[in-house]
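Visitor: Handing over coords.cif, mmCIF, C-alpha atoms.
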```cif
data_final
#
loop_
_atom_site.label_atom_id
_atom_site.label_comp_id
_atom_site.auth_asym_id
_atom_site.auth_seq_id
_atom_site.Cartn_x
_atom_site.Cartn_y
_atom_site.Cartn_z
CA ASP A 1 17.87 -5.47 -3.87
CA LYS A 2 17.68 -3.29 -0.73
CA SER A 3 14.10 -4.33 0.03
CA LEU A 4 14.99 -8.04 -0.07
CA GLU A 5 18.08 -7.41 2.05
CA TYR A 6 15.97 -5.61 4.66
CA HIS A 7 13.32 -8.37 4.80
CA LEU A 8 15.95 -11.13 5.07
CA LYS A 9 17.54 -9.32 8.03
CA SER A 10 14.09 -8.89 9.58
CA LEU A 11 13.40 -12.59 9.01
CA LYS A 12 16.57 -13.58 10.88
CA ILE A 13 15.56 -11.49 13.90
CA LYS A 14 12.07 -12.99 13.96
CA GLU A 15 13.54 -16.51 13.73
CA GLU A 16 15.75 -15.77 16.76
CA LEU A 17 12.76 -14.39 18.69
CA GLY A 18 10.46 -17.25 17.69
CA ASP A 19 7.92 -14.70 16.43
CA GLU A 20 5.62 -16.91 14.34
CA ARG A 21 3.25 -14.17 13.16
CA GLY A 22 6.23 -12.02 12.25
CA LEU A 23 7.80 -14.95 10.40
CA ALA A 24 4.62 -15.51 8.39
CA ALA A 25 4.58 -11.83 7.41
CA SER A 26 8.28 -11.89 6.44
CA TYR A 27 7.88 -15.05 4.36
CA ASN A 28 4.93 -13.41 2.61
CA ASN A 29 6.87 -10.20 1.89
CA ILE A 30 9.92 -12.07 0.60
CA GLY A 31 7.68 -14.24 -1.59
CA GLY A 32 6.14 -11.07 -3.01
CA ILE A 33 9.58 -9.65 -3.87
CA PHE A 34 10.62 -12.85 -5.64
CA TYR A 35 7.31 -12.80 -7.55
CA GLU A 36 7.98 -9.25 -8.76
CA GLN A 37 11.47 -10.33 -9.81
CA GLY A 38 10.01 -13.18 -11.88
CA LEU A 39 11.57 -15.84 -9.61
CA PHE A 40 8.35 -17.81 -9.29
CA ASP A 41 9.77 -21.01 -7.75
CA LYS A 42 11.33 -19.00 -4.92
CA ALA A 43 8.10 -17.02 -4.53
CA LEU A 44 6.15 -20.25 -4.14
CA ASP A 45 8.63 -21.57 -1.57
CA TYR A 46 8.21 -18.55 0.70
CA HIS A 47 4.43 -18.32 0.25
CA PHE A 48 4.13 -22.01 1.21
CA ARG A 49 6.17 -21.30 4.36
CA SER A 50 3.88 -18.39 5.19
CA LEU A 51 0.76 -20.49 4.62
CA ALA A 52 2.02 -23.29 6.90
CA ILE A 53 2.39 -20.89 9.84
CA LYS A 54 -0.99 -19.24 9.21
CA GLU A 55 -2.67 -22.65 9.14
CA LYS A 56 -0.97 -23.54 12.42
CA LEU A 57 -2.17 -20.27 13.97
CA LYS A 58 -5.66 -20.75 12.44
CA ASP A 59 -5.34 -17.28 10.90
CA LYS A 60 -8.23 -17.40 8.41
CA LYS A 61 -7.60 -14.00 6.87
CA GLY A 62 -3.90 -14.78 6.51
CA MET A 63 -4.66 -18.17 4.98
CA GLY A 64 -6.93 -16.58 2.40
CA SER A 65 -4.20 -14.12 1.50
CA SER A 66 -1.45 -16.76 1.24
CA LEU A 67 -3.59 -19.09 -0.88
CA GLY A 68 -4.24 -16.21 -3.27
CA ASN A 69 -0.53 -15.38 -3.35
CA LEU A 70 0.24 -19.00 -4.26
CA GLY A 71 -2.16 -18.84 -7.19
CA MET A 72 -0.39 -15.91 -8.86
CA PRO A 73 3.05 -17.50 -9.52
CA TYR A 74 1.34 -20.62 -10.87
CA THR A 75 -0.63 -18.38 -13.24
CA LYS A 76 2.57 -16.74 -14.52
CA MET A 77 4.15 -20.18 -14.95
CA GLY A 78 1.18 -21.28 -17.08
CA ASN A 79 0.07 -23.92 -14.56
CA TYR A 80 -3.56 -22.84 -14.58
CA THR A 81 -4.89 -25.97 -12.86
CA GLU A 82 -2.78 -25.41 -9.73
CA ALA A 83 -3.39 -21.68 -9.85
CA MET A 84 -7.16 -22.11 -10.03
CA ALA A 85 -7.17 -24.62 -7.16
CA PHE A 86 -5.41 -22.17 -4.82
CA LEU A 87 -7.46 -19.18 -5.95
CA LEU A 88 -10.76 -20.98 -5.40
CA ARG A 89 -9.67 -22.06 -1.90
CA SER A 90 -8.67 -18.46 -1.22
CA LEU A 91 -12.02 -17.13 -2.45
CA GLU A 92 -13.95 -19.64 -0.32
CA ILE A 93 -12.21 -18.46 2.87
CA LYS A 94 -12.64 -14.78 2.00
CA GLN A 95 -16.36 -15.29 1.40
CA LYS A 96 -16.75 -17.09 4.73
CA ILE A 97 -15.14 -14.24 6.67
CA ASN A 98 -16.70 -11.59 4.38
CA GLU A 99 -13.39 -10.03 3.37
CA ARG A 100 -14.80 -8.01 0.50
CA GLY A 101 -11.58 -6.48 -0.78
CA GLY A 102 -9.97 -9.92 -0.85
CA MET A 103 -12.97 -11.35 -2.70
CA VAL A 104 -12.51 -8.69 -5.40
CA ASN A 105 -8.86 -9.69 -5.86
CA SER A 106 -9.78 -13.38 -6.08
CA TRP A 107 -12.45 -12.78 -8.72
CA ILE A 108 -10.01 -10.72 -10.78
CA ASN A 109 -7.31 -13.41 -10.61
CA ILE A 110 -9.79 -16.20 -11.39
CA GLY A 111 -11.18 -14.15 -14.28
CA GLU A 112 -7.68 -13.65 -15.64
CA ILE A 113 -7.08 -17.42 -15.78
CA HIS A 114 -10.38 -17.98 -17.61
CA PHE A 115 -9.42 -15.20 -20.04
CA LEU A 116 -5.97 -16.70 -20.70
CA LYS A 117 -7.60 -20.09 -21.33
CA GLY A 118 -10.08 -18.51 -23.75
CA ASN A 119 -13.10 -19.07 -21.47
CA PHE A 120 -14.38 -15.55 -22.04
CA SER A 121 -17.89 -16.16 -20.67
CA LYS A 122 -16.48 -17.37 -17.33
CA ALA A 123 -13.91 -14.59 -17.36
CA GLU A 124 -16.61 -11.94 -17.80
CA GLU A 125 -18.71 -13.49 -15.03
CA ASN A 126 -15.85 -13.15 -12.53
CA PHE A 127 -14.82 -9.69 -13.71
CA GLN A 128 -18.41 -8.47 -13.36
CA LEU A 129 -18.56 -9.76 -9.78
CA ALA A 130 -15.27 -8.01 -9.03
CA PHE A 131 -16.35 -4.77 -10.70
CA LYS A 132 -19.67 -4.62 -8.84
CA GLU A 133 -18.08 -5.37 -5.44
CA ALA A 134 -15.21 -2.94 -6.01
CA ASN A 135 -17.70 -0.22 -6.88
CA GLN A 136 -19.77 -0.89 -3.75
CA ILE A 137 -16.81 -0.77 -1.35
CA GLY A 138 -15.07 2.13 -3.10
CA GLU A 139 -12.01 0.18 -4.27
CA ARG A 140 -11.15 2.55 -7.11
CA THR A 141 -7.94 0.82 -8.19
CA SER A 142 -9.68 -2.57 -8.45
CA GLU A 143 -12.59 -0.93 -10.26
CA LEU A 144 -10.08 0.53 -12.74
CA LEU A 145 -8.44 -2.87 -13.29
CA THR A 146 -11.71 -4.75 -13.76
CA SER A 147 -13.07 -2.16 -16.20
CA MET A 148 -9.96 -2.74 -18.33
CA TRP A 149 -10.39 -6.53 -18.13
CA LEU A 150 -14.10 -6.28 -18.96
CA GLY A 151 -13.25 -4.13 -21.99
CA LYS A 152 -10.76 -6.73 -23.20
CA THR A 153 -13.14 -9.62 -22.50
CA LYS A 154 -16.09 -8.04 -24.30
CA GLU A 155 -13.83 -7.19 -27.23
CA ALA A 156 -12.68 -10.83 -27.36
CA ARG A 157 -16.35 -11.90 -27.40
CA GLY A 158 -17.13 -9.54 -30.27
CA ASP A 159 -19.20 -7.14 -28.18
CA VAL A 160 -17.74 -3.92 -29.61
CA LYS A 161 -20.24 -1.57 -27.94
CA GLY A 162 -19.82 -3.24 -24.54
CA ALA A 163 -16.04 -3.13 -24.90
CA LEU A 164 -16.14 0.58 -25.77
CA ASP A 165 -18.33 1.32 -22.74
CA PHE A 166 -15.85 -0.29 -20.37
CA TYR A 167 -12.83 1.28 -22.08
CA LYS A 168 -14.53 4.65 -21.52
CA LYS A 169 -15.07 3.77 -17.84
CA TYR A 170 -11.43 2.75 -17.62
CA ALA A 171 -10.29 6.10 -19.08
CA PHE A 172 -12.62 8.05 -16.75
CA LEU A 173 -11.49 6.15 -13.64
CA LYS A 174 -7.83 6.52 -14.61
CA ASP A 175 -8.21 10.30 -14.96
CA THR A 176 -10.13 10.46 -11.66
CA LEU A 177 -7.43 8.52 -9.82
CA LEU A 178 -4.67 10.67 -11.34
CA ASN A 179 -6.51 13.85 -10.31
CA GLU A 180 -7.02 12.51 -6.77
CA GLU A 181 -3.35 11.57 -6.58
CA ASN A 182 -2.29 15.00 -7.86
CA ASN A 183 -4.64 16.74 -5.41
CA GLN A 184 -3.19 14.66 -2.57
CA ARG A 185 0.35 15.60 -3.61
CA ILE A 186 -0.63 19.29 -3.77
CA ALA A 187 -2.22 19.03 -0.31
CA GLU A 188 0.94 17.36 1.02
CA LEU A 189 3.12 20.10 -0.50
CA ASN A 190 0.88 22.82 0.97
CA SER A 191 0.98 21.11 4.36
CA ARG A 192 4.77 20.85 4.16
CA TYR A 193 5.00 24.53 3.16
CA GLU A 194 2.76 25.59 6.07
CA THR A 195 4.80 23.47 8.48
CA GLU A 196 8.08 24.93 7.23
CA LYS A 197 6.59 28.44 7.45
CA ARG A 198 5.48 27.84 11.04
CA MET A 199 8.91 26.48 11.96
CA SER A 200 10.51 29.55 10.42
CA GLN A 201 8.19 31.80 12.44
CA ILE A 202 9.04 29.89 15.63
CA LYS A 203 12.75 30.33 14.95
CA GLU A 204 12.24 34.05 14.37
CA LEU A 205 10.32 34.33 17.63
CA GLU A 206 12.99 32.40 19.47
CA GLN A 207 15.67 34.67 18.02
CA SER A 208 13.69 37.81 18.88
CA LYS A 209 13.17 36.44 22.41
CA SER A 210 16.92 35.86 22.71
CA ILE A 211 17.57 39.40 21.51
CA GLY A 212 15.01 40.68 24.03
CA ASP A 213 16.64 38.68 26.81
CA LEU A 214 20.03 40.07 25.86
CA THR A 215 18.63 43.62 25.81
CA ILE A 216 17.10 43.21 29.28
CA GLU A 217 20.32 41.73 30.63
CA LYS A 218 22.30 44.58 29.07
CA ASN A 219 19.99 47.14 30.72
CA LYS A 220 20.35 45.41 34.10
CA THR A 221 24.12 45.42 33.73
CA GLU A 222 24.14 49.13 32.85
CA ILE A 223 21.99 49.94 35.92
CA ARG A 224 24.34 47.95 38.17
CA LEU A 225 27.38 49.76 36.72
CA GLN A 226 25.68 53.14 37.23
CA ARG A 227 25.00 52.28 40.89
CA ILE A 228 28.59 51.20 41.41
CA PHE A 229 29.77 54.46 39.84
CA LEU A 230 27.47 56.54 42.04
CA VAL A 231 28.55 54.72 45.22
CA ALA A 232 32.18 55.21 44.31
CA ALA A 233 31.56 58.92 43.73
CA GLY A 234 29.84 59.23 47.12
CA ILE A 235 26.57 60.33 45.58
CA VAL A 236 24.43 57.52 46.95
#
```
Show me the file's structure as structure tokens.
Guide:
Amino acid sequence: DKSLEYHLKSLKIKEELGDERGLAASYNNIGGIFYEQGLFDKALDYHFRSLAIKEKLKDKKGMGSSLGNLGMPYTKMGNYTEAMAFLLRSLEIKQKINERGGMVNSWINIGEIHFLKGNFSKAEENFQLAFKEANQIGERTSELLTSMWLGKTKEARGDVKGALDFYKKYAFLKDTLLNEENNQRIAELNSRYETEKRMSQIKELEQSKSIGDLTIEKNKTEIRLQRIFLVAAGIV
């Protein structure tokens, strides 16, 4: 894995420099890669290392993030008690420092555990909090995710109409995000085209300037030769 290789090299440099904040970030990134690979024990190891440094540095925001990251592997491993303990600690910190985007993530992850345990009422409570906050701060991706979870939760509770409403919101938000992404890509392509066109025009101008310079130099040379010829002929 090229990404893992890069972060391990970066980690070694930060260890040599004694860069604690950099180390915490590297441990976090490596833990995230192991999590995506399904290597949850290794993910936990690196997230614990990251948390230890952040606690030492009294980095509240970083601590909230690391505690949340520790909850996710435990969730995948089916250890819901440990997962919930870390997620609740994470949420508490994020609420204290008013990190609204982080609070949304915590509510989603806590809601997921309640859903997996069959506590659909508690799951819906957390998903609703996440959905409302995500909507207020414009976190479209989180709003999309929570609308899907709310649809599933309401369906599990037998609320067919409520489930359908949120599935419709999910479909609408998904289309909106896809359109925004496509529009951004089109804008990037247009920008790239305009840049390439400008560069082409600059090259043409540079070439025409070179041709002009050569023409001027040629004319100067011809004038000098004519003068030499006239002097030699005794005309001047």
Visitor: Of the candidates A:Asp45, A:Asp175, A:Glu124, A:Glu82, which shows the shortest atom-to-atom distance to Arg140 of chain A, using only C-alpha atoms?
Guide: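 Distance minimum relative to Arg140 of chain A lands on A:Asp175.
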Visitor: Please identify all polymer residues within 10 Å of Gln95 of chain A, counting all atoms listed in the file, omitting same-chain residues fewer than 6 positions from it, and present them as number ranges by chain.
Guide: A: 64, 102-103
Visitor: Please evaluate the PyMOL selection byres ((chain A and resi 144) around 8) against the displayed coordinates and give the resulting residues as a list of chain:residue names.
Guide: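 Applied to this file, the PyMOL selection byres ((chain A and resi 144) around 8) selects A:Arg140, A:Thr141, A:Ser142, A:Glu143, A:Leu145, A:Thr146, A:Ser147, A:Met148, A:Lys169, A:Tyr170, A:Leu173, A:Lys174.
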Visitor: Between A:Gly118, A:Gly22, A:Gly62, A:Pro73, single out the one closest to Ser10 of chain A, counting all atoms listed in the file.
Guide: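 Going through A:Gly118, A:Gly22, A:Gly62, A:Pro73 one by one, the smallest distance to Ser10 of chain A is for A:Gly22.
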Visitor: Give me the result of the PyMOL selection byres ((chain A and resi 31) around 7) on this file, residue by residue, as a ChimeraX atom specification.
Guide: /A:27-30,32-35,42-44,46-47
Visitor: If we count only C-alpha atoms and set the cut-off at 10 Å, which residues sit around Ile53 of chain A, ignoring sequence neighbours fewer than 5 positions away in its own chain? Please answer as JSON, numbers by chain.
Guide: {"A": [20, 21, 22, 23, 24, 25, 27, 48, 58, 59, 62, 63]}
Visitor: For the file shown, what are the residues hit by the PyMOL selection byres ((chain A and resi 114) around 12), laid out as a VMD selection string?
Guide: chain A and resid 75 80 to 81 83 to 84 107 to 113 115 to 127 149 153
Visitor: Residues at most 6 Å from Gly71 of chain A, counting only C-alpha atoms, excluding those fewer than 3 positions away in the same chain, as a PyMOL selection string?
Guide: chain A and resi 68+74+83+86-87
